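Below is the file model20.txt, which contains compact mmCIF, C-alpha atoms and all ligand atoms.
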```
# COMPACT_ATOMS: atom_id res chain seq x y z
CA MET A 1 8.16 18.34 -51.53
CA VAL A 2 7.14 19.83 -48.18
CA ALA A 3 8.01 23.40 -47.36
CA ALA A 4 10.36 23.69 -44.36
CA ASN A 5 7.85 25.61 -42.22
CA VAL A 6 4.93 23.22 -42.81
CA ALA A 7 4.71 20.02 -40.81
CA ALA A 8 4.18 16.83 -42.77
CA PRO A 9 1.18 14.66 -41.72
CA GLY A 10 3.47 12.22 -39.85
CA ASP A 11 5.17 15.10 -38.02
CA ARG A 12 1.81 16.51 -37.01
CA GLU A 13 0.75 13.15 -35.54
CA ARG A 14 3.99 12.86 -33.60
CA MET A 15 3.62 16.42 -32.27
CA THR A 16 0.01 15.73 -31.26
CA ALA A 17 1.10 12.54 -29.48
CA LYS A 18 3.80 14.45 -27.60
CA THR A 19 1.36 17.19 -26.60
CA ASP A 20 -1.16 14.56 -25.49
CA GLN A 21 1.48 12.82 -23.40
CA ARG A 22 2.27 16.05 -21.56
CA ALA A 23 -1.42 16.91 -21.11
CA GLU A 24 -2.15 13.44 -19.78
CA LEU A 25 0.75 13.59 -17.33
CA LYS A 26 -0.39 17.00 -16.06
CA ARG A 27 -3.95 15.73 -15.71
CA ARG A 28 -2.87 12.73 -13.63
CA PHE A 29 -0.42 14.83 -11.64
CA ALA A 30 -3.21 17.24 -10.66
CA ILE A 31 -5.65 14.46 -9.73
CA ILE A 32 -3.20 12.47 -7.60
CA ARG A 33 -1.71 15.48 -5.81
CA ARG A 34 -5.21 16.78 -5.05
CA SER A 35 -6.33 13.33 -3.81
CA THR A 36 -3.64 13.41 -1.13
CA GLU A 37 -4.91 16.72 0.18
CA GLU A 38 -8.52 15.56 0.05
CA LEU A 39 -7.61 12.74 2.43
CA CYS A 40 -6.69 15.43 4.97
CA ARG A 41 -9.90 17.46 4.67
CA SER A 42 -11.42 16.27 7.94
CA LEU A 43 -8.23 16.61 10.02
CA THR A 44 -7.47 19.30 12.60
CA PRO A 45 -4.09 21.07 12.94
CA GLU A 46 -3.37 18.91 16.00
CA ASP A 47 -3.88 15.73 13.96
CA TYR A 48 -1.23 16.69 11.41
CA VAL A 49 1.69 16.24 13.80
CA LEU A 50 0.83 12.95 15.51
CA GLN A 51 3.35 10.13 15.29
CA SER A 52 2.19 7.09 17.22
CA MET A 53 5.18 4.79 16.59
CA PRO A 54 8.50 4.81 14.69
CA ASP A 55 6.99 2.93 11.72
CA ALA A 56 4.26 5.54 11.23
CA SER A 57 4.74 9.12 10.09
CA PRO A 58 2.72 12.26 10.76
CA VAL A 59 0.28 13.43 8.09
CA LYS A 60 2.28 16.64 7.69
CA TRP A 61 5.43 14.65 7.02
CA HIS A 62 3.70 12.60 4.29
CA LEU A 63 2.48 15.82 2.66
CA ALA A 64 5.96 17.33 2.68
CA HIS A 65 7.95 14.19 1.85
CA THR A 66 5.94 13.44 -1.30
CA SER A 67 6.66 17.00 -2.47
CA TRP A 68 10.34 16.67 -1.56
CA PHE A 69 10.42 13.58 -3.79
CA PHE A 70 9.44 15.64 -6.85
CA GLU A 71 11.77 18.45 -5.82
CA THR A 72 14.75 16.11 -5.45
CA PHE A 73 14.31 13.65 -8.28
CA VAL A 74 12.62 15.86 -10.89
CA LEU A 75 13.14 19.58 -10.25
CA ALA A 76 16.77 19.34 -9.11
CA LYS A 77 17.54 17.23 -12.20
CA ALA A 78 16.01 20.01 -14.28
CA GLY A 79 18.41 22.45 -12.60
CA LEU A 80 16.08 24.11 -10.09
CA PRO A 81 17.49 24.86 -6.62
CA PRO A 82 15.52 23.72 -3.56
CA LEU A 83 12.87 26.08 -2.20
CA HIS A 84 13.99 25.59 1.41
CA SER A 85 17.51 24.53 2.25
CA ALA A 86 16.46 22.57 5.37
CA TYR A 87 13.65 20.57 3.81
CA GLY A 88 16.01 18.03 2.27
CA TYR A 89 17.19 17.12 5.77
CA LEU A 90 13.67 17.06 7.24
CA PHE A 91 11.84 15.20 4.50
CA ASN A 92 14.32 12.76 2.98
CA SER A 93 13.04 9.35 4.05
CA TYR A 94 15.85 6.89 3.47
CA TYR A 95 17.96 7.90 0.45
CA ASN A 96 21.57 7.72 1.63
CA ALA A 97 22.83 8.90 -1.74
CA VAL A 98 20.86 12.15 -1.35
CA GLY A 99 22.23 13.06 2.05
CA GLU A 100 21.78 13.19 5.82
CA ARG A 101 18.29 13.25 7.29
CA HIS A 102 16.20 13.70 10.39
CA CYS A 103 15.68 10.42 12.22
CA ARG A 104 12.43 8.66 11.53
CA PRO A 105 11.14 8.04 15.09
CA ARG A 106 11.32 11.80 15.79
CA ARG A 107 9.24 13.02 12.86
CA GLY A 108 6.41 13.75 15.31
CA LEU A 109 8.52 16.43 16.97
CA LEU A 110 8.46 18.67 13.91
CA SER A 111 5.93 21.28 14.94
CA ARG A 112 7.63 23.51 12.36
CA PRO A 113 7.30 23.96 9.45
CA THR A 114 3.61 24.34 10.11
CA ALA A 115 0.94 22.53 8.14
CA ALA A 116 0.13 25.82 6.38
CA GLU A 117 3.79 26.17 5.36
CA VAL A 118 3.83 22.59 4.09
CA TYR A 119 0.71 23.24 2.02
CA ARG A 120 2.40 26.32 0.52
CA TYR A 121 5.45 24.16 -0.23
CA ARG A 122 3.21 21.63 -1.97
CA ALA A 123 1.58 24.34 -4.09
CA GLN A 124 4.97 25.70 -5.13
CA ILE A 125 6.23 22.25 -6.06
CA ASP A 126 3.05 21.61 -8.06
CA GLU A 127 3.52 24.83 -9.97
CA ARG A 128 7.15 24.03 -10.71
CA VAL A 129 6.50 20.46 -11.86
CA VAL A 130 3.69 21.55 -14.18
CA SER A 131 5.90 24.31 -15.55
CA GLN A 132 8.64 21.73 -16.26
CA ILE A 133 6.20 19.41 -18.01
CA ASP A 134 5.20 22.33 -20.24
CA SER A 135 8.65 23.69 -20.95
CA LEU A 136 11.19 20.85 -21.02
CA GLY A 137 12.69 20.03 -24.38
CA GLN A 138 11.64 16.69 -25.77
CA ALA A 139 14.83 14.86 -24.79
CA ARG A 140 14.75 16.15 -21.18
CA PHE A 141 11.04 15.44 -20.98
CA ALA A 142 11.65 11.88 -22.14
CA ASP A 143 14.19 11.51 -19.29
CA LEU A 144 12.07 13.07 -16.57
CA ALA A 145 8.52 11.93 -17.46
CA PRO A 146 9.18 8.40 -16.08
CA VAL A 147 10.47 9.94 -12.84
CA ILE A 148 7.34 12.11 -12.55
CA GLU A 149 5.32 8.94 -13.13
CA LEU A 150 7.30 7.21 -10.37
CA GLY A 151 6.63 10.21 -8.12
CA LEU A 152 2.90 9.80 -8.70
CA HIS A 153 2.96 6.12 -7.75
CA HIS A 154 5.11 7.04 -4.76
CA GLU A 155 2.49 9.63 -3.78
CA GLN A 156 -0.23 6.96 -4.01
CA GLN A 157 1.78 4.71 -1.70
CA HIS A 158 1.91 7.54 0.80
CA GLN A 159 -1.84 8.14 0.46
CA GLU A 160 -2.36 4.63 1.80
CA LEU A 161 0.27 5.12 4.51
CA LEU A 162 -1.34 8.40 5.52
CA LEU A 163 -4.59 6.52 6.21
CA THR A 164 -2.99 3.58 8.02
CA ASP A 165 -0.79 5.89 10.07
CA ILE A 166 -3.60 8.22 11.17
CA LYS A 167 -5.74 5.19 12.01
CA HIS A 168 -2.96 3.93 14.27
CA ALA A 169 -2.59 7.37 15.86
CA PHE A 170 -6.33 7.72 16.53
CA ALA A 171 -6.41 4.22 17.98
CA GLN A 172 -4.01 5.41 20.72
CA ASN A 173 -6.49 8.09 21.82
CA PRO A 174 -8.83 6.86 24.61
CA LEU A 175 -11.65 8.67 22.80
CA ARG A 176 -11.05 6.49 19.71
CA PRO A 177 -12.01 9.39 17.45
CA ALA A 178 -13.32 8.89 13.93
CA TYR A 179 -11.11 10.09 11.12
CA ARG A 180 -14.14 11.55 9.37
CA ASP A 181 -17.72 12.48 10.10
CA GLY A 182 -19.39 9.85 7.99
CA GLY A 183 -18.62 9.26 4.36
CA PRO A 184 -19.99 7.53 1.30
CA GLY A 185 -18.96 4.17 2.66
CA ALA A 186 -18.96 4.94 6.38
CA ALA A 187 -20.12 2.17 8.68
CA ASP A 188 -23.86 1.76 8.90
CA PRO A 189 -24.63 -0.19 12.07
CA SER A 190 -28.17 -0.89 10.86
CA ALA A 191 -27.01 -2.49 7.60
CA PRO A 192 -28.23 -6.08 7.25
CA ARG A 193 -25.52 -8.68 7.69
CA ALA A 194 -25.30 -11.92 5.82
CA ASP A 195 -23.14 -14.98 6.16
CA PRO A 196 -20.32 -15.18 3.60
CA PRO A 197 -20.46 -18.05 1.14
CA ALA A 198 -18.81 -21.27 2.39
CA LEU A 199 -15.12 -21.32 1.62
CA GLY A 200 -14.30 -23.27 -1.53
CA TRP A 201 -11.09 -24.20 -3.31
CA ILE A 202 -9.95 -23.57 -6.86
CA GLY A 203 -7.38 -25.90 -8.37
CA TYR A 204 -4.43 -24.92 -10.56
CA ALA A 205 -2.53 -27.32 -12.77
CA GLU A 206 1.14 -28.16 -12.55
CA GLY A 207 3.37 -26.49 -15.10
CA VAL A 208 5.77 -23.75 -16.01
CA ALA A 209 4.24 -20.30 -15.68
CA GLU A 210 5.54 -16.76 -16.09
CA ILE A 211 5.26 -14.12 -13.39
CA GLY A 212 6.52 -10.56 -13.06
CA TRP A 213 6.09 -7.40 -15.06
CA ALA A 214 6.78 -7.04 -18.77
CA GLY A 215 5.35 -4.66 -21.28
CA GLU A 216 4.05 -1.14 -21.56
CA GLY A 217 3.04 1.15 -18.73
CA PHE A 218 4.34 1.73 -15.26
CA ALA A 219 5.66 -0.88 -12.83
CA PHE A 220 8.14 -0.65 -9.96
CA ASP A 221 11.58 -2.12 -10.58
CA ASN A 222 10.93 -4.91 -8.04
CA GLU A 223 8.14 -6.35 -10.23
CA GLY A 224 10.53 -7.52 -12.93
CA PRO A 225 11.99 -9.07 -14.85
CA ARG A 226 9.24 -11.39 -15.95
CA HIS A 227 10.51 -14.92 -15.55
CA ARG A 228 9.48 -18.53 -15.58
CA VAL A 229 8.60 -20.48 -12.46
CA TYR A 230 7.84 -24.14 -12.05
CA GLN A 231 4.59 -24.56 -10.20
CA ARG A 232 3.27 -27.71 -8.58
CA THR A 233 -0.45 -28.38 -8.56
CA TYR A 234 -2.12 -26.32 -5.84
CA GLN A 235 -5.40 -24.95 -4.62
CA LEU A 236 -6.30 -21.42 -3.62
CA ALA A 237 -9.18 -20.42 -1.36
CA ASP A 238 -11.96 -18.76 -3.36
CA ARG A 239 -12.31 -15.91 -0.86
CA LEU A 240 -10.53 -14.24 2.05
CA VAL A 241 -10.62 -15.54 5.64
CA THR A 242 -13.40 -13.76 7.54
CA SER A 243 -13.45 -12.21 10.99
CA GLY A 244 -15.99 -14.86 12.00
CA GLU A 245 -13.56 -17.62 11.08
CA TYR A 246 -10.80 -15.80 12.93
CA LEU A 247 -13.06 -15.53 15.98
CA ASP A 248 -13.22 -19.35 15.94
CA PHE A 249 -9.40 -19.44 15.95
CA ILE A 250 -9.38 -17.18 19.02
CA ALA A 251 -12.19 -19.11 20.75
CA GLU A 252 -10.41 -22.42 20.18
CA GLY A 253 -7.22 -21.19 21.81
CA GLY A 254 -5.32 -20.16 18.69
CA TYR A 255 -3.22 -17.63 20.61
CA ARG A 256 -2.41 -20.18 23.34
CA ARG A 257 -1.28 -23.10 21.17
CA PRO A 258 2.45 -22.98 20.42
CA ASP A 259 2.08 -25.88 17.98
CA LEU A 260 0.35 -23.48 15.56
CA TRP A 261 3.04 -20.81 15.61
CA LEU A 262 6.40 -20.14 14.09
CA SER A 263 9.00 -19.75 16.82
CA GLU A 264 9.53 -16.04 16.12
CA GLY A 265 5.78 -15.51 15.92
CA TRP A 266 5.15 -17.22 19.25
CA ALA A 267 7.81 -14.99 20.83
CA ALA A 268 6.37 -11.84 19.26
CA ALA A 269 2.82 -12.73 20.32
CA GLY A 270 4.02 -13.34 23.88
CA GLU A 271 6.16 -10.22 24.13
CA GLN A 272 3.47 -7.98 22.72
CA GLY A 273 0.53 -9.66 24.40
CA TRP A 274 -1.36 -10.48 21.20
CA GLU A 275 -4.76 -12.06 21.81
CA ALA A 276 -6.57 -10.82 18.71
CA PRO A 277 -5.82 -8.76 15.59
CA LEU A 278 -4.57 -5.23 16.09
CA TYR A 279 -7.36 -2.79 17.04
CA TRP A 280 -9.68 -5.52 18.39
CA GLU A 281 -10.94 -4.82 21.90
CA ARG A 282 -13.25 -6.82 24.11
CA ARG A 283 -16.10 -4.59 25.24
CA GLU A 284 -19.08 -5.88 27.19
CA GLY A 285 -18.30 -9.46 26.29
CA ARG A 286 -17.82 -9.02 22.57
CA PHE A 287 -15.13 -7.77 20.23
CA GLN A 288 -15.19 -4.36 18.67
CA ALA A 289 -12.45 -2.87 16.51
CA MET A 290 -11.12 0.56 15.73
CA SER A 291 -11.80 1.72 12.21
CA LEU A 292 -11.42 5.04 10.41
CA ASP A 293 -15.03 5.65 11.48
CA GLY A 294 -14.19 5.00 15.13
CA MET A 295 -15.08 1.85 17.07
CA ARG A 296 -17.44 -0.61 15.40
CA ASP A 297 -18.72 -4.10 16.09
CA ILE A 298 -16.88 -6.92 14.37
CA ASP A 299 -18.88 -8.10 11.37
CA PRO A 300 -18.14 -11.85 11.20
CA ALA A 301 -18.64 -11.80 7.43
CA GLU A 302 -16.00 -9.19 6.64
CA PRO A 303 -12.39 -10.18 5.90
CA VAL A 304 -10.16 -10.32 8.97
CA CYS A 305 -7.69 -7.48 8.91
CA HIS A 306 -4.66 -6.07 10.74
CA VAL A 307 -3.00 -9.41 11.32
CA SER A 308 0.74 -9.98 11.19
CA TYR A 309 2.36 -12.59 8.97
CA TYR A 310 2.82 -14.68 12.10
CA GLU A 311 -0.90 -14.61 12.87
CA ALA A 312 -1.81 -15.32 9.24
CA ASP A 313 0.58 -18.28 9.22
CA ALA A 314 -0.75 -19.62 12.56
CA TYR A 315 -4.33 -19.28 11.36
CA ALA A 316 -3.49 -21.16 8.15
CA ARG A 317 -2.01 -24.02 10.19
CA PHE A 318 -5.09 -24.03 12.42
CA ALA A 319 -7.26 -24.31 9.29
CA GLY A 320 -5.23 -27.22 7.91
CA ALA A 321 -3.88 -25.10 5.11
CA ARG A 322 -0.98 -22.74 4.39
CA LEU A 323 -0.38 -19.30 2.91
CA PRO A 324 0.09 -19.05 -0.85
CA THR A 325 3.42 -18.22 -2.40
CA GLU A 326 3.48 -15.01 -4.41
CA ALA A 327 3.75 -17.06 -7.63
CA GLU A 328 0.62 -19.01 -6.70
CA TRP A 329 -1.22 -15.77 -6.00
CA GLU A 330 -0.06 -14.08 -9.21
CA ILE A 331 -0.92 -17.03 -11.45
CA ALA A 332 -4.48 -16.83 -10.11
CA ALA A 333 -4.64 -13.04 -10.35
CA ALA A 334 -3.13 -12.68 -13.83
CA SER A 335 -6.45 -13.22 -15.57
CA ALA A 336 -8.63 -11.51 -12.95
CA ARG A 337 -10.20 -8.10 -13.44
CA ILE A 338 -8.76 -5.40 -11.20
CA GLU A 339 -11.97 -4.66 -9.35
CA GLY A 340 -12.76 -4.57 -5.68
CA ASN A 341 -13.08 -2.49 -2.56
CA PHE A 342 -10.38 0.16 -3.08
CA VAL A 343 -10.05 3.60 -1.52
CA GLU A 344 -12.44 4.99 -4.15
CA SER A 345 -15.35 3.02 -2.62
CA GLY A 346 -15.13 5.32 0.39
CA ALA A 347 -15.59 2.40 2.81
CA LEU A 348 -11.99 2.58 4.15
CA HIS A 349 -12.70 -0.81 5.67
CA PRO A 350 -12.74 -4.37 4.27
CA ALA A 351 -16.17 -5.39 3.00
CA ALA A 352 -18.07 -8.64 3.42
CA LEU A 353 -18.31 -10.70 0.26
CA ARG A 354 -21.88 -10.73 -1.02
CA LEU A 355 -21.58 -12.00 -4.57
CA PRO A 356 -18.72 -14.41 -5.26
CA GLU A 357 -17.02 -14.34 -8.64
CA ALA A 358 -18.59 -16.75 -11.08
CA ALA A 359 -15.18 -18.14 -12.00
CA GLY A 360 -11.92 -17.73 -10.16
CA PRO A 361 -11.21 -16.47 -6.65
CA SER A 362 -13.11 -13.49 -5.22
CA GLN A 363 -11.57 -10.51 -3.38
CA LEU A 364 -8.14 -10.88 -5.01
CA PHE A 365 -7.94 -7.12 -5.35
CA GLY A 366 -8.82 -4.55 -2.71
CA ASP A 367 -10.12 -5.11 0.85
CA VAL A 368 -6.87 -6.37 2.42
CA TRP A 369 -3.30 -6.98 1.37
CA GLU A 370 -2.82 -10.73 1.35
CA TRP A 371 0.21 -12.12 3.15
CA THR A 372 2.15 -14.59 1.05
CA ALA A 373 4.67 -17.16 2.23
CA SER A 374 7.29 -15.62 -0.08
CA GLY A 375 10.24 -13.69 1.27
CA TYR A 376 10.79 -10.35 -0.44
CA SER A 377 13.75 -11.18 -2.66
CA PRO A 378 14.96 -10.01 -6.04
CA TYR A 379 13.55 -11.81 -9.03
CA PRO A 380 16.18 -13.53 -11.22
CA GLY A 381 17.92 -10.80 -13.21
CA PHE A 382 16.57 -7.95 -11.05
CA LYS A 383 18.26 -4.61 -11.60
CA PRO A 384 17.47 -1.67 -9.37
CA MET A 385 16.95 1.74 -10.96
CA ASP A 386 20.08 3.79 -11.62
CA GLY A 387 21.33 6.32 -9.10
CA ALA A 388 19.73 7.27 -5.78
CA LEU A 389 16.35 5.92 -6.93
CA GLY A 390 17.95 2.47 -6.86
CA GLU A 391 17.39 2.73 -3.08
CA TYR A 392 13.62 2.85 -3.60
CA ASN A 393 13.00 -0.92 -3.38
CA GLY A 394 16.10 -3.06 -3.75
CA LYS A 395 17.79 -2.33 -0.43
CA PHE A 396 14.78 -3.67 1.51
CA MET A 397 15.01 -7.17 0.06
CA CYS A 398 15.80 -8.90 3.34
CA ASN A 399 13.68 -10.12 6.26
CA GLN A 400 10.34 -9.02 4.83
CA LEU A 401 7.40 -10.89 3.32
CA VAL A 402 5.50 -10.10 0.13
CA LEU A 403 1.85 -9.05 0.25
CA ARG A 404 -0.39 -8.93 -2.80
CA GLY A 405 -3.58 -7.41 -4.13
CA GLY A 406 -4.03 -3.97 -2.54
CA SER A 407 -6.48 -2.92 0.15
CA CYS A 408 -9.45 -0.71 0.93
CA ALA A 409 -6.91 2.13 1.32
CA THR A 410 -5.18 1.57 -2.05
CA PRO A 411 -6.07 3.69 -5.09
CA VAL A 412 -7.32 1.39 -7.85
CA SER A 413 -5.00 2.96 -10.44
CA HIS A 414 -2.04 2.00 -8.25
CA ILE A 415 -2.40 -1.78 -8.26
CA ARG A 416 -1.41 -4.55 -10.67
CA ALA A 417 -1.39 -8.35 -10.59
CA THR A 418 2.42 -8.14 -10.46
CA TYR A 419 2.56 -5.56 -7.62
CA ARG A 420 4.79 -6.65 -4.72
CA ASN A 421 4.16 -4.94 -1.41
CA PHE A 422 6.40 -5.93 1.50
CA PHE A 423 6.42 -5.62 5.27
CA PRO A 424 8.24 -7.31 8.15
CA PRO A 425 6.41 -10.34 9.57
CA GLN A 426 5.41 -8.61 12.79
CA ALA A 427 3.76 -5.60 11.06
CA ARG A 428 0.03 -5.29 11.79
CA TRP A 429 -0.97 -1.69 11.16
CA GLN A 430 -1.44 -2.09 7.43
CA PHE A 431 -4.73 -3.44 6.08
CA SER A 432 -3.30 -6.97 5.94
CA GLY A 433 -5.36 -10.16 5.84
CA ILE A 434 -5.37 -13.83 4.94
CA ARG A 435 -6.07 -16.01 1.92
CA LEU A 436 -5.44 -19.71 2.30
CA ALA A 437 -3.77 -22.14 -0.07
CA ARG A 438 -3.07 -25.82 0.09
CA ASP A 439 -1.34 -28.53 -1.83
CA ALA A 440 -3.63 -30.32 -4.22
CA VAL A 441 -5.54 -33.19 -2.65
CA SER A 442 -4.64 -36.30 -4.61
FE FE B 501 8.40 7.77 0.38
```
Before we go any further, please render this structure as structure tokens.
Ligand SMILES: [Fe+2]
Amino acid sequence: MVAANVAAPGDRERMTAKTDQRAELKRRFAIIRRSTEELCRSLTPEDYVLQSMPDASPVKWHLAHTSWFFETFVLAKAGLPPLHSAYGYLFNSYYNAVGERHCRPRRGLLSRPTAAEVYRYRAQIDERVVSQIDSLGQARFADLAPVIELGLHHEQQHQELLLTDIKHAFAQNPLRPAYRDGGPGAADPSAPRADPPALGWIGYAEGVAEIGWAGEGFAFDNEGPRHRVYQRTYQLADRLVTSGEYLDFIAEGGYRRPDLWLSEGWAAAGEQGWEAPLYWERREGRFQAMSLDGMRDIDPAEPVCHVSYYEADAYARFAGARLPTEAEWEIAAASARIEGNFVESGALHPAALRLPEAAGPSQLFGDVWEWTASGYSPYPGFKPMDGALGEYNGKFMCNQLVLRGGSCATPVSHIRATYRNFFPPQARWQFSGIRLARDAVS
């Protein structure tokens, strides 16, 4: 018999596991929150407020909104009142169930609160979340730990947006300033360049496959349920389309041939004067492109980037191919290692392929998000999260396309083979690129 005040061996193991779970959550919380602030290290106070278009948000807004997320969905649920009564209005993004909000295109007009005040707000939220992780009873912790986990993945999404949004803002400045003064992966103009390997095709057999998330660990609600799909035989390109190949598309009149374009794409290209990917500029007879290190020459071997779905689709038609469906992409990626050029490489730019994978497609993860031909729709049996968080993904399942694989601005711990990113077909400011597919040649 065990005395009442002495834990049995099984109890001790369970208590250790619970303590470890809290310690691990606090560890990841600290790392991810700090990573966001590290991305801002090279910015000036003036940079924090820039909003270059309605789709992009100022750095300061990202810093505050990610904190508001924890305050609203974790701290308020734990019974803590908001730190600032107006911040809910200023930093709610799109949650109708939470309340009214400042309109998105005018986020750049918020000179107040200052960046220093937003940093103080972040520090206070950090302290409160950590305190809740330490002090919540086990039942409340079990309820709120998954929401804290969601908040961390949300924060990682905004880390990527922070980079793509500041890149877009700096690209509007005639000085084309660099986001940083060199970095571990900053562009080295003297680096030797090599041709990418010739594009090859990998075949996949016909059959019934399963896609979507199931199992342990974190996934967004839009990644499930796991379900069966019937898949015809198909082929997937063994690497991404390069800038050199895209230069051929431009040189051969790709932007002037309506037969290559979807009707909406042709209209968008005409209205917006597209003649090359976003950020490409002709200077002294050759193309250069804006990067987070400022302007740089186009490396023909690196993956083409900052193309819309329309451009990706037109290029695929030009190449005698098509874009993959998300099922085709996921079947190929399911057995691939999650390795690649992610934000941790420090390059902040897609990298030329030097060593192709021995088996299976290269560059599935990292470098650029890959446009798929699949509309962003609910999987069979999809259920959004309960409550206001149900607005996170489900309400955007209309008129957008799915992108897969992550980019050079994505944290590696954020991506999965089942991850479904989504943007409207005209969007170009994300690190979006092209992988080709085609029906099997009989
Ligand atoms: Fe958000």
Legend entry - Point-to-point distance from atom CA of A:Cys408 to atom CA of A:Glu391, Å rounded to tenths: 27.4 Å
Each chain A residue no farther than 8 Å from ligand FE 501 (chain B), nearest pair in Å, all atoms listed in the file, as a tab-separated table:
```
residue	atom	partner	partner_atom	distance
A:His62	CA	B:FE501	FE	7.8
A:His65	CA	B:FE501	FE	6.6
A:Thr66	CA	B:FE501	FE	6.4
A:Phe69	CA	B:FE501	FE	7.4
A:Ser93	CA	B:FE501	FE	6.1
A:His154	CA	B:FE501	FE	6.1
A:Glu155	CA	B:FE501	FE	7.5
A:Gln157	CA	B:FE501	FE	7.6
A:His158	CA	B:FE501	FE	6.5
```
Just to be explicit: take each residue in the selection above, keep C-alpha atoms, and write the result as a short mmCIF file (atom, residue, chain, number, x, y, z; two decimals), in the frame of the given file.
```cif
data_model
loop_
_atom_site.label_atom_id
_atom_site.label_comp_id
_atom_site.auth_asym_id
_atom_site.auth_seq_id
_atom_site.Cartn_x
_atom_site.Cartn_y
_atom_site.Cartn_z
CA HIS A 62 3.70 12.60 4.29
CA HIS A 65 7.95 14.19 1.85
CA THR A 66 5.94 13.44 -1.30
CA PHE A 69 10.42 13.58 -3.79
CA SER A 93 13.04 9.35 4.05
CA HIS A 154 5.11 7.04 -4.76
CA GLU A 155 2.49 9.63 -3.78
CA GLN A 157 1.78 4.71 -1.70
CA HIS A 158 1.91 7.54 0.80
#
```
Go through stretch 285-362 of chain A residue by residue and, counting all atoms listed in the file, keep those with an atom at most 8 Å from stretch 371-387 of chain A; for each kept residue give the shortest atom pair and its distance in Å to one decimal, ordered by chain and increasing number, as a Markdown table.
```
| residue | atom | partner | partner_atom | distance |
| --- | --- | --- | --- | --- |
| A:Tyr309 | CA | A:Trp371 | CA | 6.2 |
| A:Ala312 | CA | A:Trp371 | CA | 7.2 |
| A:Leu323 | CA | A:Ala373 | CA | 5.5 |
| A:Pro324 | CA | A:Thr372 | CA | 5.3 |
| A:Thr325 | CA | A:Ala373 | CA | 4.9 |
| A:Glu326 | CA | A:Thr372 | CA | 5.6 |
| A:Trp329 | CA | A:Thr372 | CA | 7.9 |
```
Legend entry - Between atom CA of A:Gly294 and atom CA of A:Ala194 - distance in Å to one decimal: 22.3 Å
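Rounded to one decimal, atom CA of A:Gly320 and atom CA of A:Arg256 lie 17.2 Å from each other.
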Legend entry - Counting all atoms listed in the file, the option among A:Arg101, A:Arg337, A:Arg317, A:Arg257 closest to A:Val412: A:Arg337
Exercise: A:Gln159 partners within 9 Å, all atoms listed in the file, chain neighbours under 2 positions left out, as a PDB file with C-alpha atoms, in the frame of the given file:
```pdb
ATOM      1  CA  SER A  35      -6.330  13.330  -3.810  1.00  0.00           C
ATOM      2  CA  THR A  36      -3.640  13.410  -1.130  1.00  0.00           C
ATOM      3  CA  LEU A  39      -7.610  12.740   2.430  1.00  0.00           C
ATOM      4  CA  HIS A  62       3.700  12.600   4.290  1.00  0.00           C
ATOM      5  CA  HIS A 154       5.110   7.040  -4.760  1.00  0.00           C
ATOM      6  CA  GLU A 155       2.490   9.630  -3.780  1.00  0.00           C
ATOM      7  CA  GLN A 156      -0.230   6.960  -4.010  1.00  0.00           C
ATOM      8  CA  GLN A 157       1.780   4.710  -1.700  1.00  0.00           C
ATOM      9  CA  LEU A 161       0.270   5.120   4.510  1.00  0.00           C
ATOM     10  CA  LEU A 162      -1.340   8.400   5.520  1.00  0.00           C
ATOM     11  CA  LEU A 163      -4.590   6.520   6.210  1.00  0.00           C
ATOM     12  CA  THR A 164      -2.990   3.580   8.020  1.00  0.00           C
ATOM     13  CA  ALA A 409      -6.910   2.130   1.320  1.00  0.00           C
ATOM     14  CA  THR A 410      -5.180   1.570  -2.050  1.00  0.00           C
ATOM     15  CA  PRO A 411      -6.070   3.690  -5.090  1.00  0.00           C
TER      16      PRO A 411
END
```
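Taking all atoms listed in the file into account, A:Phe342 lies nearest to A:Ser413 out of the set A:Val307, A:Tyr204, A:Ser413, A:Pro277.
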Legend entry - From A:Arg112, A:His168, A:His227, A:Lys60, residue lying nearest A:Ile211 [all atoms listed in the file]: A:His227
Legend entry - Contacts of A:Phe91 within 7 Å, all atoms listed in the file, excl. fewer than 3 positions in-chain, as a list in words: Trp61, Ala64, His65, Trp68, Tyr87 and Gly88 of chain A
